[in-house]
$ cat final.txt   # compact mmCIF, N, CA and C atoms
# COMPACT_ATOMS: atom_id res chain seq x y z
N MET I 1 19.67 -63.40 13.42
CA MET I 1 20.85 -64.16 13.12
C MET I 1 21.84 -63.98 14.27
N LYS I 2 22.52 -65.04 14.64
CA LYS I 2 23.45 -65.01 15.76
C LYS I 2 24.86 -65.28 15.25
N ILE I 3 25.77 -64.36 15.56
CA ILE I 3 27.17 -64.47 15.13
C ILE I 3 28.07 -64.46 16.35
N VAL I 4 28.99 -65.41 16.40
CA VAL I 4 30.00 -65.41 17.45
C VAL I 4 31.34 -65.06 16.82
N VAL I 5 32.06 -64.16 17.48
CA VAL I 5 33.37 -63.71 17.02
C VAL I 5 34.42 -64.41 17.85
N GLY I 6 35.30 -65.14 17.16
CA GLY I 6 36.40 -65.84 17.81
C GLY I 6 37.71 -65.38 17.21
N GLY I 7 38.58 -66.32 16.89
CA GLY I 7 39.86 -65.97 16.31
C GLY I 7 40.86 -65.53 17.35
N GLN I 8 42.03 -65.15 16.90
CA GLN I 8 43.12 -64.81 17.81
C GLN I 8 43.33 -63.32 18.00
N ILE I 9 42.86 -62.48 17.07
CA ILE I 9 43.13 -61.05 17.19
C ILE I 9 41.90 -60.23 16.81
N ASN I 10 41.87 -59.03 17.34
CA ASN I 10 40.89 -58.00 16.96
C ASN I 10 39.42 -58.41 17.11
N LYS I 11 39.12 -59.23 18.10
CA LYS I 11 37.73 -59.67 18.29
C LYS I 11 36.80 -58.49 18.52
N GLN I 12 37.18 -57.59 19.42
CA GLN I 12 36.31 -56.45 19.73
C GLN I 12 36.14 -55.55 18.51
N GLU I 13 37.21 -55.34 17.75
CA GLU I 13 37.12 -54.50 16.56
C GLU I 13 36.19 -55.11 15.51
N ILE I 14 36.24 -56.42 15.36
CA ILE I 14 35.36 -57.11 14.41
C ILE I 14 33.91 -56.96 14.85
N ARG I 15 33.66 -57.23 16.11
CA ARG I 15 32.31 -57.09 16.64
C ARG I 15 31.80 -55.66 16.46
N ASP I 16 32.62 -54.69 16.82
CA ASP I 16 32.23 -53.28 16.71
C ASP I 16 31.97 -52.89 15.26
N PHE I 17 32.79 -53.37 14.33
CA PHE I 17 32.60 -53.07 12.91
C PHE I 17 31.26 -53.60 12.42
N ILE I 18 30.96 -54.82 12.77
CA ILE I 18 29.69 -55.42 12.33
C ILE I 18 28.52 -54.66 12.95
N GLU I 19 28.58 -54.40 14.24
CA GLU I 19 27.48 -53.71 14.90
C GLU I 19 27.29 -52.30 14.35
N LYS I 20 28.38 -51.57 14.15
CA LYS I 20 28.30 -50.18 13.67
C LYS I 20 27.73 -50.11 12.25
N ASN I 21 28.17 -51.01 11.39
CA ASN I 21 27.81 -50.94 9.98
C ASN I 21 26.55 -51.71 9.60
N TYR I 22 26.15 -52.66 10.44
CA TYR I 22 25.02 -53.51 10.07
C TYR I 22 23.96 -53.57 11.15
N GLY I 23 24.14 -52.78 12.19
CA GLY I 23 23.15 -52.71 13.25
C GLY I 23 23.06 -53.97 14.06
N ALA I 24 22.49 -53.82 15.21
CA ALA I 24 22.34 -54.98 16.08
C ALA I 24 20.88 -55.36 16.23
N ASP I 25 20.00 -54.72 15.46
CA ASP I 25 18.57 -55.00 15.59
C ASP I 25 18.23 -56.44 15.24
N ASP I 26 18.77 -56.93 14.13
CA ASP I 26 18.47 -58.29 13.72
C ASP I 26 19.67 -59.22 13.88
N LEU I 27 20.71 -58.74 14.56
CA LEU I 27 21.90 -59.54 14.79
C LEU I 27 22.18 -59.67 16.28
N THR I 28 22.56 -60.85 16.68
CA THR I 28 23.11 -61.05 18.02
C THR I 28 24.59 -61.30 17.82
N LEU I 29 25.40 -60.48 18.46
CA LEU I 29 26.85 -60.59 18.34
C LEU I 29 27.45 -60.87 19.70
N GLU I 30 28.36 -61.83 19.73
CA GLU I 30 29.03 -62.14 20.99
C GLU I 30 30.48 -62.50 20.71
N ILE I 31 31.34 -62.13 21.63
CA ILE I 31 32.76 -62.48 21.54
C ILE I 31 33.03 -63.62 22.51
N GLN I 32 33.72 -64.64 22.03
CA GLN I 32 34.12 -65.76 22.88
C GLN I 32 35.51 -66.23 22.47
N ASN I 33 36.16 -66.95 23.37
CA ASN I 33 37.43 -67.55 22.95
C ASN I 33 37.12 -68.66 21.95
N ASP I 34 38.12 -69.09 21.23
CA ASP I 34 37.92 -70.02 20.11
C ASP I 34 37.18 -71.29 20.51
N LEU I 35 37.64 -71.92 21.56
CA LEU I 35 37.04 -73.20 21.95
C LEU I 35 35.58 -73.02 22.36
N ASP I 36 35.30 -72.03 23.18
CA ASP I 36 33.92 -71.79 23.60
C ASP I 36 33.04 -71.42 22.41
N ALA I 37 33.58 -70.61 21.51
CA ALA I 37 32.81 -70.19 20.33
C ALA I 37 32.43 -71.39 19.47
N VAL I 38 33.37 -72.27 19.23
CA VAL I 38 33.10 -73.43 18.38
C VAL I 38 32.18 -74.42 19.09
N MET I 39 32.35 -74.58 20.38
CA MET I 39 31.45 -75.46 21.13
C MET I 39 30.02 -74.90 21.10
N ALA I 40 29.89 -73.59 21.18
CA ALA I 40 28.56 -72.96 21.08
C ALA I 40 27.98 -73.16 19.68
N MET I 41 28.82 -73.12 18.67
CA MET I 41 28.36 -73.40 17.31
C MET I 41 27.85 -74.84 17.22
N LYS I 42 28.61 -75.77 17.75
CA LYS I 42 28.20 -77.19 17.71
C LYS I 42 26.87 -77.40 18.44
N ALA I 43 26.65 -76.62 19.49
CA ALA I 43 25.43 -76.75 20.28
C ALA I 43 24.25 -76.00 19.64
N GLY I 44 24.49 -75.32 18.52
CA GLY I 44 23.42 -74.61 17.83
C GLY I 44 23.07 -73.26 18.42
N GLN I 45 23.95 -72.72 19.26
CA GLN I 45 23.66 -71.44 19.90
C GLN I 45 23.93 -70.25 18.98
N PHE I 46 24.71 -70.45 17.94
CA PHE I 46 25.04 -69.40 16.98
C PHE I 46 24.87 -69.95 15.57
N ASP I 47 24.59 -69.04 14.64
CA ASP I 47 24.45 -69.43 13.24
C ASP I 47 25.78 -69.39 12.49
N TYR I 48 26.63 -68.41 12.85
CA TYR I 48 27.90 -68.22 12.14
C TYR I 48 29.01 -67.86 13.11
N TYR I 49 30.22 -68.29 12.73
CA TYR I 49 31.45 -67.96 13.44
C TYR I 49 32.31 -67.14 12.49
N ILE I 50 32.92 -66.08 13.02
CA ILE I 50 33.90 -65.30 12.25
C ILE I 50 35.09 -65.05 13.15
N GLY I 51 36.28 -65.18 12.59
CA GLY I 51 37.49 -64.95 13.37
C GLY I 51 38.63 -64.47 12.51
N ALA I 52 39.56 -63.78 13.15
CA ALA I 52 40.72 -63.25 12.43
C ALA I 52 42.00 -63.71 13.09
N CYS I 53 43.02 -63.83 12.27
CA CYS I 53 44.38 -64.08 12.73
C CYS I 53 45.32 -63.51 11.67
N ASN I 54 46.59 -63.73 11.83
CA ASN I 54 47.55 -63.17 10.88
C ASN I 54 47.61 -63.92 9.56
N THR I 55 47.09 -65.15 9.52
CA THR I 55 47.12 -65.92 8.28
C THR I 55 45.74 -66.12 7.67
N GLY I 56 44.70 -65.88 8.44
CA GLY I 56 43.34 -66.07 7.96
C GLY I 56 42.81 -67.48 8.15
N GLY I 57 43.67 -68.41 8.49
CA GLY I 57 43.21 -69.79 8.63
C GLY I 57 43.66 -70.47 9.90
N GLY I 58 44.86 -70.23 10.33
CA GLY I 58 45.41 -70.91 11.50
C GLY I 58 44.67 -70.57 12.78
N GLY I 59 45.04 -69.47 13.40
CA GLY I 59 44.43 -69.06 14.65
C GLY I 59 42.98 -68.66 14.51
N ALA I 60 42.58 -68.28 13.31
CA ALA I 60 41.19 -67.88 13.09
C ALA I 60 40.26 -69.09 13.03
N LEU I 61 40.73 -70.20 12.47
CA LEU I 61 39.83 -71.33 12.19
C LEU I 61 40.27 -72.68 12.74
N ALA I 62 41.39 -72.76 13.41
CA ALA I 62 41.91 -74.07 13.83
C ALA I 62 40.90 -74.87 14.64
N MET I 63 40.31 -74.26 15.65
CA MET I 63 39.32 -74.97 16.48
C MET I 63 38.08 -75.31 15.67
N ALA I 64 37.65 -74.39 14.82
CA ALA I 64 36.46 -74.64 14.01
C ALA I 64 36.68 -75.82 13.07
N ILE I 65 37.84 -75.86 12.43
CA ILE I 65 38.14 -76.97 11.52
C ILE I 65 38.18 -78.28 12.29
N ALA I 66 38.81 -78.25 13.47
CA ALA I 66 38.93 -79.47 14.27
C ALA I 66 37.58 -79.99 14.75
N LEU I 67 36.69 -79.11 15.16
CA LEU I 67 35.45 -79.55 15.77
C LEU I 67 34.21 -79.50 14.87
N LEU I 68 34.23 -78.63 13.87
CA LEU I 68 33.09 -78.56 12.96
C LEU I 68 33.35 -79.29 11.65
N GLY I 69 34.62 -79.46 11.33
CA GLY I 69 35.01 -80.11 10.08
C GLY I 69 35.36 -79.09 9.02
N GLY I 70 36.32 -79.43 8.21
CA GLY I 70 36.82 -78.52 7.19
C GLY I 70 35.80 -78.08 6.17
N LYS I 71 34.81 -78.91 5.89
CA LYS I 71 33.81 -78.56 4.88
C LYS I 71 32.89 -77.43 5.33
N GLN I 72 32.83 -77.17 6.62
CA GLN I 72 31.98 -76.10 7.13
C GLN I 72 32.77 -74.82 7.39
N CYS I 73 34.04 -74.81 7.03
CA CYS I 73 34.92 -73.67 7.32
C CYS I 73 35.54 -73.13 6.04
N LYS I 74 35.77 -71.82 6.03
CA LYS I 74 36.36 -71.20 4.83
C LYS I 74 37.21 -70.01 5.24
N THR I 75 38.43 -69.98 4.71
CA THR I 75 39.30 -68.81 4.84
C THR I 75 38.92 -67.87 3.70
N ILE I 76 38.48 -66.66 4.05
CA ILE I 76 38.03 -65.72 3.02
C ILE I 76 39.07 -64.66 2.69
N SER I 77 40.12 -64.59 3.49
CA SER I 77 41.28 -63.78 3.10
C SER I 77 42.51 -64.30 3.82
N MET I 78 43.64 -64.08 3.19
CA MET I 78 44.93 -64.46 3.75
C MET I 78 45.92 -63.40 3.30
N PRO I 79 47.12 -63.38 3.85
CA PRO I 79 48.07 -62.33 3.45
C PRO I 79 48.23 -62.28 1.93
N GLY I 80 47.95 -61.11 1.37
CA GLY I 80 48.11 -60.91 -0.07
C GLY I 80 46.99 -61.42 -0.94
N LYS I 81 45.92 -61.97 -0.34
CA LYS I 81 44.84 -62.52 -1.16
C LYS I 81 43.50 -62.41 -0.45
N ILE I 82 42.56 -61.81 -1.13
CA ILE I 82 41.17 -61.78 -0.68
C ILE I 82 40.36 -62.58 -1.69
N LEU I 83 39.54 -63.51 -1.21
CA LEU I 83 38.71 -64.28 -2.13
C LEU I 83 37.78 -63.34 -2.89
N PRO I 84 37.53 -63.64 -4.15
CA PRO I 84 36.55 -62.86 -4.90
C PRO I 84 35.17 -62.96 -4.24
N GLU I 85 34.37 -61.94 -4.43
CA GLU I 85 33.04 -61.90 -3.82
C GLU I 85 32.23 -63.16 -4.15
N GLU I 86 32.29 -63.60 -5.39
CA GLU I 86 31.50 -64.78 -5.76
C GLU I 86 31.93 -66.03 -5.01
N ASP I 87 33.20 -66.13 -4.65
CA ASP I 87 33.67 -67.28 -3.88
C ASP I 87 33.20 -67.23 -2.42
N ILE I 88 33.15 -66.02 -1.85
CA ILE I 88 32.65 -65.86 -0.49
C ILE I 88 31.16 -66.19 -0.45
N VAL I 89 30.41 -65.66 -1.41
CA VAL I 89 28.98 -65.95 -1.50
C VAL I 89 28.74 -67.45 -1.70
N ALA I 90 29.54 -68.06 -2.56
CA ALA I 90 29.40 -69.50 -2.81
C ALA I 90 29.66 -70.31 -1.54
N ALA I 91 30.66 -69.92 -0.76
CA ALA I 91 30.96 -70.63 0.49
C ALA I 91 29.78 -70.56 1.45
N VAL I 92 29.18 -69.39 1.57
CA VAL I 92 27.99 -69.24 2.42
C VAL I 92 26.86 -70.11 1.90
N ASN I 93 26.61 -70.03 0.61
CA ASN I 93 25.51 -70.80 0.01
C ASN I 93 25.74 -72.30 0.04
N ASP I 94 27.02 -72.70 0.08
CA ASP I 94 27.36 -74.12 0.13
C ASP I 94 27.33 -74.69 1.55
N GLY I 95 27.00 -73.85 2.53
CA GLY I 95 26.84 -74.35 3.89
C GLY I 95 27.98 -74.09 4.85
N CYS I 96 28.97 -73.34 4.45
CA CYS I 96 30.02 -72.98 5.40
C CYS I 96 29.41 -72.11 6.49
N ILE I 97 29.82 -72.36 7.73
CA ILE I 97 29.29 -71.60 8.86
C ILE I 97 30.39 -70.93 9.68
N ALA I 98 31.65 -71.27 9.41
CA ALA I 98 32.78 -70.68 10.13
C ALA I 98 33.75 -70.08 9.12
N PHE I 99 34.14 -68.84 9.36
CA PHE I 99 34.95 -68.10 8.40
C PHE I 99 36.12 -67.43 9.10
N GLY I 100 37.27 -67.45 8.42
CA GLY I 100 38.46 -66.80 8.94
C GLY I 100 39.03 -65.84 7.92
N PHE I 101 39.70 -64.83 8.41
CA PHE I 101 40.31 -63.83 7.53
C PHE I 101 41.45 -63.14 8.27
N THR I 102 42.25 -62.39 7.52
CA THR I 102 43.29 -61.59 8.14
C THR I 102 42.68 -60.25 8.51
N SER I 103 42.99 -59.77 9.69
CA SER I 103 42.29 -58.60 10.22
C SER I 103 42.49 -57.34 9.38
N GLN I 104 43.59 -57.23 8.66
CA GLN I 104 43.79 -56.04 7.83
C GLN I 104 42.81 -55.98 6.66
N HIS I 105 42.12 -57.07 6.38
CA HIS I 105 41.12 -57.10 5.31
C HIS I 105 39.69 -56.92 5.82
N MET I 106 39.53 -56.55 7.08
CA MET I 106 38.21 -56.47 7.69
C MET I 106 37.24 -55.62 6.87
N GLU I 107 37.66 -54.45 6.45
CA GLU I 107 36.76 -53.55 5.73
C GLU I 107 36.43 -54.04 4.32
N GLN I 108 37.23 -54.94 3.78
CA GLN I 108 36.94 -55.49 2.45
C GLN I 108 36.07 -56.74 2.52
N VAL I 109 36.35 -57.64 3.46
CA VAL I 109 35.65 -58.93 3.46
C VAL I 109 34.37 -58.96 4.28
N LEU I 110 34.33 -58.23 5.38
CA LEU I 110 33.13 -58.31 6.22
C LEU I 110 31.87 -57.80 5.52
N PRO I 111 31.93 -56.70 4.76
CA PRO I 111 30.71 -56.30 4.05
C PRO I 111 30.19 -57.37 3.08
N ILE I 112 31.08 -58.03 2.38
CA ILE I 112 30.68 -59.09 1.44
C ILE I 112 30.09 -60.26 2.21
N TRP I 113 30.76 -60.65 3.29
CA TRP I 113 30.31 -61.79 4.09
C TRP I 113 28.95 -61.52 4.74
N ILE I 114 28.81 -60.36 5.35
CA ILE I 114 27.54 -60.01 6.00
C ILE I 114 26.41 -60.00 4.97
N LYS I 115 26.64 -59.39 3.83
CA LYS I 115 25.62 -59.34 2.77
C LYS I 115 25.23 -60.77 2.36
N ALA I 116 26.22 -61.64 2.22
CA ALA I 116 25.95 -63.03 1.80
C ALA I 116 25.14 -63.78 2.85
N ILE I 117 25.50 -63.65 4.13
CA ILE I 117 24.75 -64.40 5.15
C ILE I 117 23.35 -63.80 5.35
N GLN I 118 23.23 -62.48 5.21
CA GLN I 118 21.90 -61.88 5.33
C GLN I 118 21.01 -62.33 4.17
N HIS I 119 21.57 -62.37 2.97
CA HIS I 119 20.79 -62.80 1.80
C HIS I 119 20.34 -64.26 1.95
N LYS I 120 21.24 -65.09 2.44
CA LYS I 120 20.90 -66.51 2.60
C LYS I 120 19.83 -66.72 3.66
N ASN I 121 19.83 -65.86 4.67
CA ASN I 121 18.93 -66.06 5.80
C ASN I 121 17.69 -65.16 5.76
N CYS I 122 17.40 -64.59 4.61
CA CYS I 122 16.18 -63.75 4.49
C CYS I 122 14.94 -64.59 4.51

$ encode --input "final.txt" --output "structure tokens"
Amino acid sequence: MKIVVGGQINKQEIRDFIEKNYGADDLTLEIQNDLDAVMAMKAGQFDYYIGACNTGGGGALAMAIALLGGKQCKTISMPGKILPEEDIVAAVNDGCIAFGFTSQHMEQVLPIWIKAIQHKNC
């Protein structure tokens, strides 16, 4: 599975968290700026996009929404709100490929998201 990390903040921390906790054996992780990341998604070079910003949707997903379309994008956390696990799993299962969140929720949302995408791609 190939994941590109975009968004406006904490790209390296997100990448490191995923690699440390979920290994890199079956994952390809790369950091890119938002535009390059989304263009790579459109070209089929990555399976999933993940990004963080202070709102979970603006800087994390703006390019993805613009170029991939809103139906393929999901904000999984925002200030004061983390989506329930079943909603994150449903978004993955419904075909969302780009996800945004607030970086302070990294330890809560990334484990759920990774588990959901791994389960879908088994």

$ atom_distance --input "final.txt" --atom1 "atom CA of I:Ile76" --atom2 "atom CA of I:Trp113"
8.7 Å

$ residues_around --input "final.txt" --residues "stretch 24-32 of chain I" --least-positions-apart "6" --cutoff "6 Å" --atoms "only N, CA and C atoms" --output "PyMOL selection string"
chain I and resi 1-6

$ residues_around --input "final.txt" --residues "stretch 93-95 of chain I" --least-positions-apart "4" --cutoff "9 Å" --atoms "only C-alpha atoms" --output "mmCIF file with N, CA and C atoms, keeping the file's coordinate frame"
data_model
loop_
_atom_site.group_PDB
_atom_site.id
_atom_site.type_symbol
_atom_site.label_atom_id
_atom_site.label_comp_id
_atom_site.auth_asym_id
_atom_site.auth_seq_id
_atom_site.Cartn_x
_atom_site.Cartn_y
_atom_site.Cartn_z
ATOM 1 N N LYS I 71 34.810 -78.910 5.890
ATOM 2 C CA LYS I 71 33.810 -78.560 4.880
ATOM 3 C C LYS I 71 32.890 -77.430 5.330
ATOM 4 N N GLN I 72 32.830 -77.170 6.620
ATOM 5 C CA GLN I 72 31.980 -76.100 7.130
ATOM 6 C C GLN I 72 32.770 -74.820 7.390
ATOM 7 N N CYS I 73 34.040 -74.810 7.030
ATOM 8 C CA CYS I 73 34.920 -73.670 7.320
ATOM 9 C C CYS I 73 35.540 -73.130 6.040
ATOM 10 N N ILE I 88 33.150 -66.020 -1.850
ATOM 11 C CA ILE I 88 32.650 -65.860 -0.490
ATOM 12 C C ILE I 88 31.160 -66.190 -0.450
ATOM 13 N N VAL I 89 30.410 -65.660 -1.410
ATOM 14 C CA VAL I 89 28.980 -65.950 -1.500
ATOM 15 C C VAL I 89 28.740 -67.450 -1.700
ATOM 16 N N ALA I 116 26.220 -61.640 2.220
ATOM 17 C CA ALA I 116 25.950 -63.030 1.800
ATOM 18 C C ALA I 116 25.140 -63.780 2.850
ATOM 19 N N ILE I 117 25.500 -63.650 4.130
ATOM 20 C CA ILE I 117 24.750 -64.400 5.150
ATOM 21 C C ILE I 117 23.350 -63.800 5.350
ATOM 22 N N LYS I 120 21.240 -65.090 2.440
ATOM 23 C CA LYS I 120 20.900 -66.510 2.600
ATOM 24 C C LYS I 120 19.830 -66.720 3.660
#

$ atom_distance --input "final.txt" --atom1 "atom CA of I:Phe99" --atom2 "atom CA of I:Gly23"
20.0 Å

$ closest_residue --input "final.txt" --among "I:Cys96, I:Cys53, I:Ile18, I:Leu68" --to "I:Lys115" --atoms "only C-alpha atoms"
I:Ile18

$ residues_around --input "final.txt" --residues "I:His105" --least-positions-apart "5" --cutoff "8 Å" --atoms "only N, CA and C atoms" --output "VMD selection string"
chain I and resid 77 to 78 82 110 to 111

$ residues_around --input "final.txt" --residues "I:Ala64" --least-positions-apart "4" --cutoff "8 Å" --atoms "only N, CA and C atoms" --output "VMD selection string"
chain I and resid 34 to 35 37 to 39 59 to 60 68 to 70 72 to 73 98 to 99

$ atom_distance --input "final.txt" --atom1 "atom C of I:Gly51" --atom2 "atom N of I:Cys122"
22.7 Å

$ select_by_dssp --input "final.txt" --residues "chain I" --states "strand (DSSP E or B)" --output "ChimeraX atom specification"
/I:2-7,28-31,48-53,73-75,77-78,81-82,98-102

$ write_last_selection --input "final.txt" --atoms "N, CA and C atoms" --output "JSON list (two decimals), in the frame of the given file"
[["chain", "number", "residue", "atom", "x", "y", "z"],
["I", 2, "LYS", "N", 22.52, -65.04, 14.64],
["I", 2, "LYS", "CA", 23.45, -65.01, 15.76],
["I", 2, "LYS", "C", 24.86, -65.28, 15.25],
["I", 3, "ILE", "N", 25.77, -64.36, 15.56],
["I", 3, "ILE", "CA", 27.17, -64.47, 15.13],
["I", 3, "ILE", "C", 28.07, -64.46, 16.35],
["I", 4, "VAL", "N", 28.99, -65.41, 16.40],
["I", 4, "VAL", "CA", 30.00, -65.41, 17.45],
["I", 4, "VAL", "C", 31.34, -65.06, 16.82],
["I", 5, "VAL", "N", 32.06, -64.16, 17.48],
["I", 5, "VAL", "CA", 33.37, -63.71, 17.02],
["I", 5, "VAL", "C", 34.42, -64.41, 17.85],
["I", 6, "GLY", "N", 35.30, -65.14, 17.16],
["I", 6, "GLY", "CA", 36.40, -65.84, 17.81],
["I", 6, "GLY", "C", 37.71, -65.38, 17.21],
["I", 7, "GLY", "N", 38.58, -66.32, 16.89],
["I", 7, "GLY", "CA", 39.86, -65.97, 16.31],
["I", 7, "GLY", "C", 40.86, -65.53, 17.35],
["I", 28, "THR", "N", 22.56, -60.85, 16.68],
["I", 28, "THR", "CA", 23.11, -61.05, 18.02],
["I", 28, "THR", "C", 24.59, -61.30, 17.82],
["I", 29, "LEU", "N", 25.40, -60.48, 18.46],
["I", 29, "LEU", "CA", 26.85, -60.59, 18.34],
["I", 29, "LEU", "C", 27.45, -60.87, 19.70],
["I", 30, "GLU", "N", 28.36, -61.83, 19.73],
["I", 30, "GLU", "CA", 29.03, -62.14, 20.99],
["I", 30, "GLU", "C", 30.48, -62.50, 20.71],
["I", 31, "ILE", "N", 31.34, -62.13, 21.63],
["I", 31, "ILE", "CA", 32.76, -62.48, 21.54],
["I", 31, "ILE", "C", 33.03, -63.62, 22.51],
["I", 48, "TYR", "N", 26.63, -68.41, 12.85],
["I", 48, "TYR", "CA", 27.90, -68.22, 12.14],
["I", 48, "TYR", "C", 29.01, -67.86, 13.11],
["I", 49, "TYR", "N", 30.22, -68.29, 12.73],
["I", 49, "TYR", "CA", 31.45, -67.96, 13.44],
["I", 49, "TYR", "C", 32.31, -67.14, 12.49],
["I", 50, "ILE", "N", 32.92, -66.08, 13.02],
["I", 50, "ILE", "CA", 33.90, -65.30, 12.25],
["I", 50, "ILE", "C", 35.09, -65.05, 13.15],
["I", 51, "GLY", "N", 36.28, -65.18, 12.59],
["I", 51, "GLY", "CA", 37.49, -64.95, 13.37],
["I", 51, "GLY", "C", 38.63, -64.47, 12.51],
["I", 52, "ALA", "N", 39.56, -63.78, 13.15],
["I", 52, "ALA", "CA", 40.72, -63.25, 12.43],
["I", 52, "ALA", "C", 42.00, -63.71, 13.09],
["I", 53, "CYS", "N", 43.02, -63.83, 12.27],
["I", 53, "CYS", "CA", 44.38, -64.08, 12.73],
["I", 53, "CYS", "C", 45.32, -63.51, 11.67],
["I", 73, "CYS", "N", 34.04, -74.81, 7.03],
["I", 73, "CYS", "CA", 34.92, -73.67, 7.32],
["I", 73, "CYS", "C", 35.54, -73.13, 6.04],
["I", 74, "LYS", "N", 35.77, -71.82, 6.03],
["I", 74, "LYS", "CA", 36.36, -71.20, 4.83],
["I", 74, "LYS", "C", 37.21, -70.01, 5.24],
["I", 75, "THR", "N", 38.43, -69.98, 4.71],
["I", 75, "THR", "CA", 39.30, -68.81, 4.84],
["I", 75, "THR", "C", 38.92, -67.87, 3.70],
["I", 77, "SER", "N", 40.12, -64.59, 3.49],
["I", 77, "SER", "CA", 41.28, -63.78, 3.10],
["I", 77, "SER", "C", 42.51, -64.30, 3.82],
["I", 78, "MET", "N", 43.64, -64.08, 3.19],
["I", 78, "MET", "CA", 44.93, -64.46, 3.75],
["I", 78, "MET", "C", 45.92, -63.40, 3.30],
["I", 81, "LYS", "N", 45.92, -61.97, -0.34],
["I", 81, "LYS", "CA", 44.84, -62.52, -1.16],
["I", 81, "LYS", "C", 43.50, -62.41, -0.45],
["I", 82, "ILE", "N", 42.56, -61.81, -1.13],
["I", 82, "ILE", "CA", 41.17, -61.78, -0.68],
["I", 82, "ILE", "C", 40.36, -62.58, -1.69],
["I", 98, "ALA", "N", 31.65, -71.27, 9.41],
["I", 98, "ALA", "CA", 32.78, -70.68, 10.13],
["I", 98, "ALA", "C", 33.75, -70.08, 9.12],
["I", 99, "PHE", "N", 34.14, -68.84, 9.36],
["I", 99, "PHE", "CA", 34.95, -68.10, 8.40],
["I", 99, "PHE", "C", 36.12, -67.43, 9.10],
["I", 100, "GLY", "N", 37.27, -67.45, 8.42],
["I", 100, "GLY", "CA", 38.46, -66.80, 8.94],
["I", 100, "GLY", "C", 39.03, -65.84, 7.92],
["I", 101, "PHE", "N", 39.70, -64.83, 8.41],
["I", 101, "PHE", "CA", 40.31, -63.83, 7.53],
["I", 101, "PHE", "C", 41.45, -63.14, 8.27],
["I", 102, "THR", "N", 42.25, -62.39, 7.52],
["I", 102, "THR", "CA", 43.29, -61.59, 8.14],
["I", 102, "THR", "C", 42.68, -60.25, 8.51]]

$ residues_around --input "final.txt" --residues "I:Asn54" --least-positions-apart "3" --cutoff "7 Å" --atoms "all atoms listed in the file" --output "MDAnalysis selection string"
chainID I and resid 8:9 57:60 78:79 101:103

$ select_by_dssp --input "final.txt" --residues "stretch 6-118 of chain I" --states "helix (DSSP H, G or I)" --output "VMD selection string"
chain I and resid 11 to 22 34 to 42 58 to 68 70 to 72 85 to 93 103 to 118

$ closest_residue --input "final.txt" --among "I:Val92, I:Ala43, I:Leu61, I:Val109" --to "I:Ile14" --atoms "only C-alpha atoms"
I:Val109
